[in-house]
>>> print(open('query21.pdb').read())   # PDB, N, CA and C atoms
ATOM      1  N   MET D 124       4.275 101.752 -17.158
ATOM      2  CA  MET D 124       3.090 101.390 -16.433
ATOM      3  C   MET D 124       2.859 102.292 -15.250
ATOM      4  N   SER D 125       3.924 102.657 -14.557
ATOM      5  CA  SER D 125       3.748 103.495 -13.385
ATOM      6  C   SER D 125       3.208 104.867 -13.769
ATOM      7  N   ASP D 126       3.581 105.362 -14.978
ATOM      8  CA  ASP D 126       3.045 106.639 -15.447
ATOM      9  C   ASP D 126       1.539 106.554 -15.646
ATOM     10  N   ASP D 127       1.061 105.433 -16.177
ATOM     11  CA  ASP D 127      -0.374 105.255 -16.379
ATOM     12  C   ASP D 127      -1.114 105.244 -15.050
ATOM     13  N   LYS D 128      -0.546 104.559 -14.062
ATOM     14  CA  LYS D 128      -1.186 104.504 -12.748
ATOM     15  C   LYS D 128      -1.211 105.884 -12.099
ATOM     16  N   GLN D 129      -0.113 106.631 -12.239
ATOM     17  CA  GLN D 129      -0.078 107.967 -11.665
ATOM     18  C   GLN D 129      -1.078 108.872 -12.357
ATOM     19  N   ARG D 130      -1.195 108.752 -13.667
ATOM     20  CA  ARG D 130      -2.135 109.573 -14.422
ATOM     21  C   ARG D 130      -3.569 109.246 -14.015
ATOM     22  N   GLN D 131      -3.867 107.952 -13.809
ATOM     23  CA  GLN D 131      -5.202 107.559 -13.381
ATOM     24  C   GLN D 131      -5.502 108.112 -11.994
ATOM     25  N   LYS D 132      -4.534 108.090 -11.099
ATOM     26  CA  LYS D 132      -4.763 108.604  -9.754
ATOM     27  C   LYS D 132      -4.965 110.111  -9.782
ATOM     28  N   GLU D 133      -4.268 110.819 -10.674
ATOM     29  CA  GLU D 133      -4.440 112.265 -10.781
ATOM     30  C   GLU D 133      -5.809 112.610 -11.351
ATOM     31  N   GLU D 134      -6.295 111.845 -12.308
ATOM     32  CA  GLU D 134      -7.559 112.138 -12.961
ATOM     33  C   GLU D 134      -8.753 111.543 -12.217
ATOM     34  N   SER D 135      -8.519 110.705 -11.260
ATOM     35  CA  SER D 135      -9.606 109.970 -10.637
ATOM     36  C   SER D 135     -10.702 110.842 -10.022
ATOM     37  N   PRO D 136     -10.437 111.974  -9.379
ATOM     38  CA  PRO D 136     -11.560 112.750  -8.846
ATOM     39  C   PRO D 136     -12.498 113.256  -9.942
ATOM     40  N   TRP D 137     -11.954 113.747 -11.035
ATOM     41  CA  TRP D 137     -12.807 114.259 -12.112
ATOM     42  C   TRP D 137     -13.504 113.133 -12.857
ATOM     43  N   VAL D 138     -12.811 112.016 -12.984
ATOM     44  CA  VAL D 138     -13.438 110.865 -13.629
ATOM     45  C   VAL D 138     -14.609 110.378 -12.790
ATOM     46  N   LEU D 139     -14.432 110.339 -11.485
ATOM     47  CA  LEU D 139     -15.524 109.926 -10.601
ATOM     48  C   LEU D 139     -16.686 110.912 -10.655
ATOM     49  N   VAL D 140     -16.392 112.201 -10.692
ATOM     50  CA  VAL D 140     -17.450 113.204 -10.784
ATOM     51  C   VAL D 140     -18.236 113.015 -12.076
ATOM     52  N   ALA D 141     -17.526 112.809 -13.168
ATOM     53  CA  ALA D 141     -18.201 112.618 -14.452
ATOM     54  C   ALA D 141     -19.025 111.342 -14.455
ATOM     55  N   ARG D 142     -18.477 110.278 -13.889
ATOM     56  CA  ARG D 142     -19.171 108.994 -13.885
ATOM     57  C   ARG D 142     -20.464 109.069 -13.079
ATOM     58  N   TYR D 143     -20.400 109.675 -11.903
ATOM     59  CA  TYR D 143     -21.578 109.698 -11.042
ATOM     60  C   TYR D 143     -22.567 110.785 -11.435
ATOM     61  N   SER D 144     -22.107 111.867 -12.045
ATOM     62  CA  SER D 144     -23.066 112.867 -12.521
ATOM     63  C   SER D 144     -23.795 112.356 -13.756
ATOM     64  N   GLU D 145     -23.162 111.466 -14.484
ATOM     65  CA  GLU D 145     -23.809 110.868 -15.644
ATOM     66  C   GLU D 145     -25.039 110.056 -15.219
ATOM     67  N   ILE D 146     -24.969 109.437 -14.068
ATOM     68  CA  ILE D 146     -26.109 108.656 -13.576
ATOM     69  C   ILE D 146     -27.309 109.563 -13.338
ATOM     70  N   GLY D 147     -27.059 110.793 -12.872
ATOM     71  CA  GLY D 147     -28.145 111.729 -12.640
ATOM     72  C   GLY D 147     -28.855 112.146 -13.913
ATOM     73  N   PHE D 148     -28.170 112.118 -15.033
ATOM     74  CA  PHE D 148     -28.786 112.479 -16.305
ATOM     75  C   PHE D 148     -29.322 111.275 -17.055
ATOM     76  N   LEU D 149     -28.878 110.108 -16.690
ATOM     77  CA  LEU D 149     -29.209 108.901 -17.436
ATOM     78  C   LEU D 149     -30.700 108.566 -17.387
ATOM     79  N   ILE D 150     -31.261 108.510 -16.210
ATOM     80  CA  ILE D 150     -32.664 108.108 -16.072
ATOM     81  C   ILE D 150     -33.605 109.151 -16.678
ATOM     82  N   PRO D 151     -33.455 110.454 -16.373
ATOM     83  CA  PRO D 151     -34.357 111.422 -17.017
ATOM     84  C   PRO D 151     -34.228 111.438 -18.539
ATOM     85  N   ALA D 152     -33.019 111.261 -19.043
ATOM     86  CA  ALA D 152     -32.839 111.234 -20.496
ATOM     87  C   ALA D 152     -33.529 110.021 -21.107
ATOM     88  N   ALA D 153     -33.421 108.868 -20.445
ATOM     89  CA  ALA D 153     -34.074 107.658 -20.960
ATOM     90  C   ALA D 153     -35.593 107.819 -20.940
ATOM     91  N   VAL D 154     -36.123 108.432 -19.884
ATOM     92  CA  VAL D 154     -37.573 108.655 -19.807
ATOM     93  C   VAL D 154     -38.013 109.629 -20.896
ATOM     94  N   LEU D 155     -37.230 110.679 -21.122
ATOM     95  CA  LEU D 155     -37.572 111.646 -22.160
ATOM     96  C   LEU D 155     -37.565 111.014 -23.551
ATOM     97  N   VAL D 156     -36.556 110.197 -23.827
ATOM     98  CA  VAL D 156     -36.493 109.520 -25.129
ATOM     99  C   VAL D 156     -37.688 108.569 -25.290
ATOM    100  N   GLY D 157     -38.018 107.834 -24.237
ATOM    101  CA  GLY D 157     -39.183 106.955 -24.301
ATOM    102  C   GLY D 157     -40.467 107.728 -24.535
ATOM    103  N   TYR D 158     -40.601 108.859 -23.861
ATOM    104  CA  TYR D 158     -41.785 109.701 -24.036
ATOM    105  C   TYR D 158     -41.884 110.215 -25.466
ATOM    106  N   LEU D 159     -40.765 110.713 -26.000
ATOM    107  CA  LEU D 159     -40.783 111.247 -27.362
ATOM    108  C   LEU D 159     -41.071 110.161 -28.395
ATOM    109  N   LEU D 160     -40.501 108.979 -28.203
ATOM    110  CA  LEU D 160     -40.800 107.876 -29.127
ATOM    111  C   LEU D 160     -42.260 107.451 -29.003
ATOM    112  N   GLY D 161     -42.804 107.481 -27.797
ATOM    113  CA  GLY D 161     -44.211 107.169 -27.606
ATOM    114  C   GLY D 161     -45.121 108.196 -28.272
ATOM    115  N   LEU D 162     -44.736 109.479 -28.173
ATOM    116  CA  LEU D 162     -45.520 110.518 -28.857
ATOM    117  C   LEU D 162     -45.474 110.334 -30.366
ATOM    118  N   LEU D 163     -44.311 109.983 -30.875
ATOM    119  CA  LEU D 163     -44.188 109.735 -32.312
ATOM    120  C   LEU D 163     -45.062 108.558 -32.737
ATOM    121  N   ALA D 164     -45.035 107.497 -31.959
ATOM    122  CA  ALA D 164     -45.888 106.343 -32.266
ATOM    123  C   ALA D 164     -47.364 106.725 -32.163
ATOM    124  N   ASP D 165     -47.740 107.544 -31.183
ATOM    125  CA  ASP D 165     -49.118 108.015 -31.066
ATOM    126  C   ASP D 165     -49.529 108.814 -32.295
ATOM    127  N   HIS D 166     -48.635 109.664 -32.742
ATOM    128  CA  HIS D 166     -48.953 110.488 -33.919
ATOM    129  C   HIS D 166     -49.099 109.627 -35.174
ATOM    130  N   LEU D 167     -48.196 108.679 -35.354
ATOM    131  CA  LEU D 167     -48.240 107.839 -36.557
ATOM    132  C   LEU D 167     -49.414 106.866 -36.540
ATOM    133  N   LEU D 168     -49.785 106.373 -35.391
ATOM    134  CA  LEU D 168     -50.852 105.373 -35.282
ATOM    135  C   LEU D 168     -52.199 105.986 -34.883
ATOM    136  N   HIS D 169     -52.231 107.320 -34.719
ATOM    137  CA  HIS D 169     -53.463 108.039 -34.364
ATOM    138  C   HIS D 169     -54.077 107.505 -33.072
ATOM    139  N   THR D 170     -53.234 107.382 -32.049
ATOM    140  CA  THR D 170     -53.706 106.952 -30.730
ATOM    141  C   THR D 170     -53.293 108.011 -29.712
ATOM    142  N   HIS D 171     -53.671 107.804 -28.464
ATOM    143  CA  HIS D 171     -53.337 108.773 -27.420
ATOM    144  C   HIS D 171     -52.850 108.104 -26.139
ATOM    145  N   TRP D 172     -52.386 106.877 -26.207
ATOM    146  CA  TRP D 172     -51.987 106.168 -24.989
ATOM    147  C   TRP D 172     -50.626 105.484 -25.074
ATOM    148  N   ILE D 173     -50.027 105.407 -26.231
ATOM    149  CA  ILE D 173     -48.756 104.689 -26.379
ATOM    150  C   ILE D 173     -47.611 105.410 -25.666
ATOM    151  N   TYR D 174     -47.713 106.728 -25.517
ATOM    152  CA  TYR D 174     -46.640 107.464 -24.842
ATOM    153  C   TYR D 174     -46.430 106.974 -23.410
ATOM    154  N   LEU D 175     -47.494 106.455 -22.790
ATOM    155  CA  LEU D 175     -47.353 105.917 -21.436
ATOM    156  C   LEU D 175     -46.406 104.720 -21.412
ATOM    157  N   PHE D 176     -46.525 103.854 -22.410
ATOM    158  CA  PHE D 176     -45.605 102.716 -22.504
ATOM    159  C   PHE D 176     -44.179 103.196 -22.792
ATOM    160  N   GLY D 177     -44.070 104.276 -23.555
ATOM    161  CA  GLY D 177     -42.743 104.852 -23.810
ATOM    162  C   GLY D 177     -42.090 105.362 -22.537
ATOM    163  N   ILE D 178     -42.883 106.013 -21.692
ATOM    164  CA  ILE D 178     -42.349 106.511 -20.417
ATOM    165  C   ILE D 178     -41.911 105.345 -19.531
ATOM    166  N   ILE D 179     -42.751 104.323 -19.436
ATOM    167  CA  ILE D 179     -42.414 103.162 -18.603
ATOM    168  C   ILE D 179     -41.181 102.448 -19.142
ATOM    169  N   PHE D 180     -41.144 102.259 -20.470
ATOM    170  CA  PHE D 180     -39.989 101.608 -21.081
ATOM    171  C   PHE D 180     -38.715 102.427 -20.855
ATOM    172  N   GLY D 181     -38.802 103.744 -20.969
ATOM    173  CA  GLY D 181     -37.642 104.603 -20.741
ATOM    174  C   GLY D 181     -37.152 104.524 -19.308
ATOM    175  N   ALA D 182     -38.090 104.511 -18.357
ATOM    176  CA  ALA D 182     -37.695 104.423 -16.951
ATOM    177  C   ALA D 182     -37.013 103.088 -16.652
ATOM    178  N   ILE D 183     -37.581 102.014 -17.173
ATOM    179  CA  ILE D 183     -36.992 100.690 -16.941
ATOM    180  C   ILE D 183     -35.606 100.598 -17.574
ATOM    181  N   SER D 184     -35.475 101.078 -18.805
ATOM    182  CA  SER D 184     -34.170 101.008 -19.462
ATOM    183  C   SER D 184     -33.149 101.901 -18.757
ATOM    184  N   GLY D 185     -33.583 103.038 -18.226
ATOM    185  CA  GLY D 185     -32.679 103.902 -17.472
ATOM    186  C   GLY D 185     -32.173 103.234 -16.204
ATOM    187  N   PHE D 186     -33.085 102.572 -15.476
ATOM    188  CA  PHE D 186     -32.671 101.880 -14.258
ATOM    189  C   PHE D 186     -31.750 100.705 -14.568
ATOM    190  N   VAL D 187     -32.048  99.973 -15.631
ATOM    191  CA  VAL D 187     -31.180  98.847 -16.007
ATOM    192  C   VAL D 187     -29.780  99.352 -16.355
ATOM    193  N   SER D 188     -29.719 100.431 -17.098
ATOM    194  CA  SER D 188     -28.421 100.993 -17.459
ATOM    195  C   SER D 188     -27.672 101.496 -16.223
ATOM    196  N   MET D 189     -28.403 102.115 -15.288
ATOM    197  CA  MET D 189     -27.777 102.598 -14.067
ATOM    198  C   MET D 189     -27.210 101.434 -13.247
ATOM    199  N   ILE D 190     -27.963 100.364 -13.146
ATOM    200  CA  ILE D 190     -27.500  99.196 -12.392
ATOM    201  C   ILE D 190     -26.275  98.584 -13.053
ATOM    202  N   ARG D 191     -26.276  98.502 -14.380
ATOM    203  CA  ARG D 191     -25.107  97.968 -15.085
ATOM    204  C   ARG D 191     -23.868  98.813 -14.830
ATOM    205  N   ARG D 192     -24.024 100.127 -14.874
ATOM    206  CA  ARG D 192     -22.885 101.012 -14.637
ATOM    207  C   ARG D 192     -22.381 100.891 -13.198
ATOM    208  N   ALA D 193     -23.308 100.777 -12.261
ATOM    209  CA  ALA D 193     -22.907 100.637 -10.860
ATOM    210  C   ALA D 193     -22.159  99.325 -10.642
ATOM    211  N   LEU D 194     -22.623  98.246 -11.263
ATOM    212  CA  LEU D 194     -21.940  96.962 -11.115
ATOM    213  C   LEU D 194     -20.568  96.979 -11.767
ATOM    214  N   SER D 195     -20.452  97.627 -12.933
ATOM    215  CA  SER D 195     -19.138  97.687 -13.578
ATOM    216  C   SER D 195     -18.180  98.558 -12.780
ATOM    217  N   ALA D 196     -18.679  99.643 -12.178
ATOM    218  CA  ALA D 196     -17.821 100.483 -11.338
ATOM    219  C   ALA D 196     -17.369  99.706 -10.109
ATOM    220  N   SER D 197     -18.261  98.898  -9.555
ATOM    221  CA  SER D 197     -17.905  98.085  -8.397
ATOM    222  C   SER D 197     -16.856  97.045  -8.780
ATOM    223  N   ALA D 198     -17.008  96.441  -9.949
ATOM    224  CA  ALA D 198     -16.038  95.445 -10.399
ATOM    225  C   ALA D 198     -14.675  96.085 -10.637
ATOM    226  N   GLU D 199     -14.655  97.304 -11.195
ATOM    227  CA  GLU D 199     -13.387  97.996 -11.414
ATOM    228  C   GLU D 199     -12.702  98.297 -10.087
ATOM    229  N   THR D 200     -13.483  98.732  -9.111
ATOM    230  CA  THR D 200     -12.927  99.040  -7.798
ATOM    231  C   THR D 200     -12.361  97.784  -7.149
ATOM    232  N   ASP D 201     -13.096  96.673  -7.255
ATOM    233  CA  ASP D 201     -12.609  95.417  -6.694
ATOM    234  C   ASP D 201     -11.315  94.976  -7.362
ATOM    235  N   ALA D 202     -11.239  95.145  -8.689
ATOM    236  CA  ALA D 202     -10.027  94.754  -9.415
ATOM    237  C   ALA D 202      -8.850  95.623  -8.994
ATOM    238  N   GLU D 203      -9.089  96.919  -8.766
ATOM    239  CA  GLU D 203      -8.007  97.801  -8.334
ATOM    240  C   GLU D 203      -7.503  97.396  -6.950
ATOM    241  N   VAL D 204      -8.415  97.069  -6.057
ATOM    242  CA  VAL D 204      -8.027  96.668  -4.698
ATOM    243  C   VAL D 204      -7.228  95.374  -4.741
ATOM    244  N   GLU D 205      -7.666  94.405  -5.556
ATOM    245  CA  GLU D 205      -6.936  93.145  -5.671
ATOM    246  C   GLU D 205      -5.549  93.371  -6.258
ATOM    247  N   GLY D 206      -5.465  94.275  -7.250
ATOM    248  CA  GLY D 206      -4.174  94.582  -7.853
ATOM    249  C   GLY D 206      -3.218  95.215  -6.859
ATOM    250  N   GLU D 207      -3.737  96.114  -6.019
ATOM    251  CA  GLU D 207      -2.898  96.737  -5.001
ATOM    252  C   GLU D 207      -2.430  95.715  -3.975
ATOM    253  N   GLU D 208      -3.310  94.803  -3.582
ATOM    254  CA  GLU D 208      -2.921  93.771  -2.618
ATOM    255  C   GLU D 208      -1.867  92.852  -3.211
ATOM    256  N   ARG D 209      -2.022  92.509  -4.496
ATOM    257  CA  ARG D 209      -1.045  91.660  -5.159
ATOM    258  C   ARG D 209       0.308  92.350  -5.231
ATOM    259  N   ALA D 210       0.287  93.658  -5.528
ATOM    260  CA  ALA D 210       1.545  94.406  -5.610
ATOM    261  C   ALA D 210       2.236  94.454  -4.249
ATOM    262  N   LYS D 211       1.472  94.601  -3.182
ATOM    263  CA  LYS D 211       2.063  94.608  -1.842
ATOM    264  C   LYS D 211       2.697  93.260  -1.526
ATOM    265  N   GLN D 212       2.033  92.179  -1.930
ATOM    266  CA  GLN D 212       2.569  90.848  -1.661
ATOM    267  C   GLN D 212       3.830  90.594  -2.467
ATOM    268  N   GLU D 213       3.892  91.109  -3.702
ATOM    269  CA  GLU D 213       5.082  90.915  -4.521
ATOM    270  C   GLU D 213       6.258  91.708  -3.960
ATOM    271  N   ASN D 214       5.976  92.900  -3.457
ATOM    272  CA  ASN D 214       7.051  93.731  -2.906
ATOM    273  C   ASN D 214       7.518  93.229  -1.547
ATOM    274  N   HIS D 215       6.592  92.719  -0.759
ATOM    275  CA  HIS D 215       6.915  92.210   0.570
ATOM    276  C   HIS D 215       6.303  90.825   0.721
ATOM    277  N   PRO D 216       6.970  89.824   0.183
ATOM    278  CA  PRO D 216       6.386  88.482   0.270
ATOM    279  C   PRO D 216       6.236  88.050   1.719
ATOM    280  N   HIS D 217       5.231  87.298   1.929
ATOM    281  CA  HIS D 217       4.942  86.814   3.282
ATOM    282  C   HIS D 217       5.987  85.795   3.678
ATOM    283  N   GLU D 218       6.612  86.060   4.796
ATOM    284  CA  GLU D 218       7.618  85.131   5.282
ATOM    285  C   GLU D 218       6.943  84.136   6.203
ATOM    286  N   PRO D 219       7.247  82.868   6.034
ATOM    287  CA  PRO D 219       6.608  81.881   6.914
ATOM    288  C   PRO D 219       7.082  82.078   8.346
ATOM    289  N   PRO D 220       6.226  81.782   9.291
ATOM    290  CA  PRO D 220       6.627  81.951  10.692
ATOM    291  C   PRO D 220       7.763  80.986  11.018
ATOM    292  N   PRO D 221       8.628  81.395  11.933
ATOM    293  CA  PRO D 221       9.747  80.500  12.287
ATOM    294  C   PRO D 221       9.234  79.233  12.954
ATOM    295  N   GLY D 222       9.947  78.173  12.721
ATOM    296  CA  GLY D 222       9.566  76.880  13.309
ATOM    297  C   GLY D 222       9.853  76.849  14.800
ATOM    298  N   PRO D 223       9.515  75.747  15.434
ATOM    299  CA  PRO D 223       9.761  75.643  16.878
ATOM    300  C   PRO D 223      11.266  75.650  17.138
ATOM    301  N   GLU D 224      11.609  76.307  18.210
ATOM    302  CA  GLU D 224      13.029  76.379  18.570
ATOM    303  C   GLU D 224      13.460  75.084  19.235
ATOM    304  N   VAL D 225      14.635  74.667  18.849
ATOM    305  CA  VAL D 225      15.186  73.460  19.452
ATOM    306  C   VAL D 225      16.257  73.908  20.427
ATOM    307  N   LEU D 226      16.063  73.563  21.659
ATOM    308  CA  LEU D 226      17.030  73.919  22.686
ATOM    309  C   LEU D 226      18.087  72.853  22.803
ATOM    310  N   PRO D 227      19.384  73.210  22.926
ATOM    311  CA  PRO D 227      20.445  72.190  23.067
ATOM    312  C   PRO D 227      20.508  71.576  24.443
TER     313      PRO D 227
END
>>> encode(input="query21.pdb", output="structure tokens")
Amino acid sequence: MSDDKQRQKEESPWVLVARYSEIGFLIPAAVLVGYLLGLLADHLLHTHWIYLFGIIFGAISGFVSMIRRALSASAETDAEVEGEERAKQENHPHEPPPGPEVLP
């Protein structure tokens, strides 16, 4: 287990870079996919306005996905912090304060 934790700590800067740079590509990619699907629907249905709904749908889905990823990253961080606190408590259990001194 300690090897896994050490490996995660070593890889964490690159993992964080990949995770957060992915957010920068997520929304534009979702908008582009929505636009292209809207153009396809316009071509098949012989209209000229459906692509607008594709763009809006892509933007909304991109933001929803971004929010989900941010919440899951926050939950992972919270779980790591709780795990570290638990490990500290197991290694150094809290000693109860000494009781009142009785003088003879």
>>> residues_around(input="query21.pdb", residues="D:Ile178", least_positions_apart="6", cutoff="8 Å", atoms="only C-alpha atoms", output="PyMOL selection string")
chain D and resi 154-155+157-158+161
>>> atom_distance(input="query21.pdb", atom1="atom N of D:His171", atom2="atom C of D:Ala152")
21.6 Å
>>> closest_residue(input="query21.pdb", among="D:Ala141, D:Val187, D:Ile173, D:Ala198", to="D:Leu160", atoms="all atoms listed in the file")
D:Ile173
>>> atom_distance(input="query21.pdb", atom1="atom CA of D:Phe148", atom2="atom N of D:Asp165")
24.6 Å
>>> atom_distance(input="query21.pdb", atom1="atom N of D:Ile179", atom2="atom CA of D:Ala164")
13.4 Å
>>> residues_around(input="query21.pdb", residues="D:Ala196", least_positions_apart="3", cutoff="12 Å", atoms="only C-alpha atoms", output="NGL selection string")
:D and (138-139 or 142-143 or 146 or 189-193 or 199-203)
>>> decode(input="query21.pdb", residues="stretch 132-158 of chain D", atoms="N, CA and C atoms", output="tab-separated table (two decimals), in the first residue's frame")
chain	number	residue	atom	x	y	z
D	132	LYS	N	1.85	10.07	-5.17
D	132	LYS	CA	2.44	11.36	-4.83
D	132	LYS	C	3.46	11.77	-5.89
D	133	GLU	N	4.20	10.81	-6.46
D	133	GLU	CA	5.16	11.13	-7.50
D	133	GLU	C	4.46	11.57	-8.78
D	134	GLU	N	3.35	10.95	-9.12
D	134	GLU	CA	2.65	11.25	-10.36
D	134	GLU	C	1.67	12.41	-10.21
D	135	SER	N	1.41	12.84	-9.02
D	135	SER	CA	0.36	13.82	-8.79
D	135	SER	C	0.52	15.13	-9.57
D	136	PRO	N	1.70	15.71	-9.75
D	136	PRO	CA	1.75	16.95	-10.53
D	136	PRO	C	1.29	16.76	-11.98
D	137	TRP	N	1.72	15.69	-12.61
D	137	TRP	CA	1.33	15.46	-14.01
D	137	TRP	C	-0.13	15.06	-14.12
D	138	VAL	N	-0.60	14.31	-13.13
D	138	VAL	CA	-2.01	13.94	-13.13
D	138	VAL	C	-2.87	15.18	-12.98
D	139	LEU	N	-2.47	16.09	-12.11
D	139	LEU	CA	-3.22	17.33	-11.94
D	139	LEU	C	-3.18	18.19	-13.20
D	140	VAL	N	-2.03	18.25	-13.86
D	140	VAL	CA	-1.93	19.02	-15.10
D	140	VAL	C	-2.87	18.44	-16.15
D	141	ALA	N	-2.87	17.12	-16.27
D	141	ALA	CA	-3.74	16.48	-17.25
D	141	ALA	C	-5.21	16.70	-16.92
D	142	ARG	N	-5.54	16.59	-15.64
D	142	ARG	CA	-6.93	16.73	-15.22
D	142	ARG	C	-7.45	18.14	-15.50
D	143	TYR	N	-6.66	19.15	-15.16
D	143	TYR	CA	-7.13	20.52	-15.32
D	143	TYR	C	-7.00	21.03	-16.75
D	144	SER	N	-6.05	20.51	-17.52
D	144	SER	CA	-5.99	20.91	-18.92
D	144	SER	C	-7.12	20.27	-19.71
D	145	GLU	N	-7.60	19.15	-19.24
D	145	GLU	CA	-8.73	18.50	-19.89
D	145	GLU	C	-9.98	19.39	-19.81
D	146	ILE	N	-10.12	20.11	-18.73
D	146	ILE	CA	-11.28	21.01	-18.58
D	146	ILE	C	-11.25	22.09	-19.65
D	147	GLY	N	-10.05	22.56	-20.00
D	147	GLY	CA	-9.93	23.58	-21.03
D	147	GLY	C	-10.35	23.10	-22.40
D	148	PHE	N	-10.24	21.81	-22.66
D	148	PHE	CA	-10.66	21.26	-23.94
D	148	PHE	C	-12.08	20.74	-23.92
D	149	LEU	N	-12.61	20.52	-22.76
D	149	LEU	CA	-13.92	19.88	-22.62
D	149	LEU	C	-15.05	20.73	-23.19
D	150	ILE	N	-15.14	21.97	-22.78
D	150	ILE	CA	-16.25	22.82	-23.21
D	150	ILE	C	-16.17	23.12	-24.71
D	151	PRO	N	-15.02	23.54	-25.26
D	151	PRO	CA	-14.98	23.78	-26.71
D	151	PRO	C	-15.27	22.52	-27.52
D	152	ALA	N	-14.81	21.38	-27.05
D	152	ALA	CA	-15.09	20.13	-27.77
D	152	ALA	C	-16.57	19.81	-27.75
D	153	ALA	N	-17.22	20.02	-26.60
D	153	ALA	CA	-18.66	19.75	-26.51
D	153	ALA	C	-19.44	20.70	-27.41
D	154	VAL	N	-19.03	21.96	-27.47
D	154	VAL	CA	-19.71	22.93	-28.34
D	154	VAL	C	-19.51	22.54	-29.81
D	155	LEU	N	-18.30	22.12	-30.16
D	155	LEU	CA	-18.03	21.72	-31.54
D	155	LEU	C	-18.85	20.50	-31.94
D	156	VAL	N	-18.94	19.52	-31.06
D	156	VAL	CA	-19.74	18.32	-31.35
D	156	VAL	C	-21.22	18.71	-31.51
D	157	GLY	N	-21.71	19.57	-30.63
D	157	GLY	CA	-23.10	20.02	-30.75
D	157	GLY	C	-23.34	20.76	-32.05
D	158	TYR	N	-22.39	21.60	-32.44
D	158	TYR	CA	-22.50	22.34	-33.69
D	158	TYR	C	-22.53	21.39	-34.88
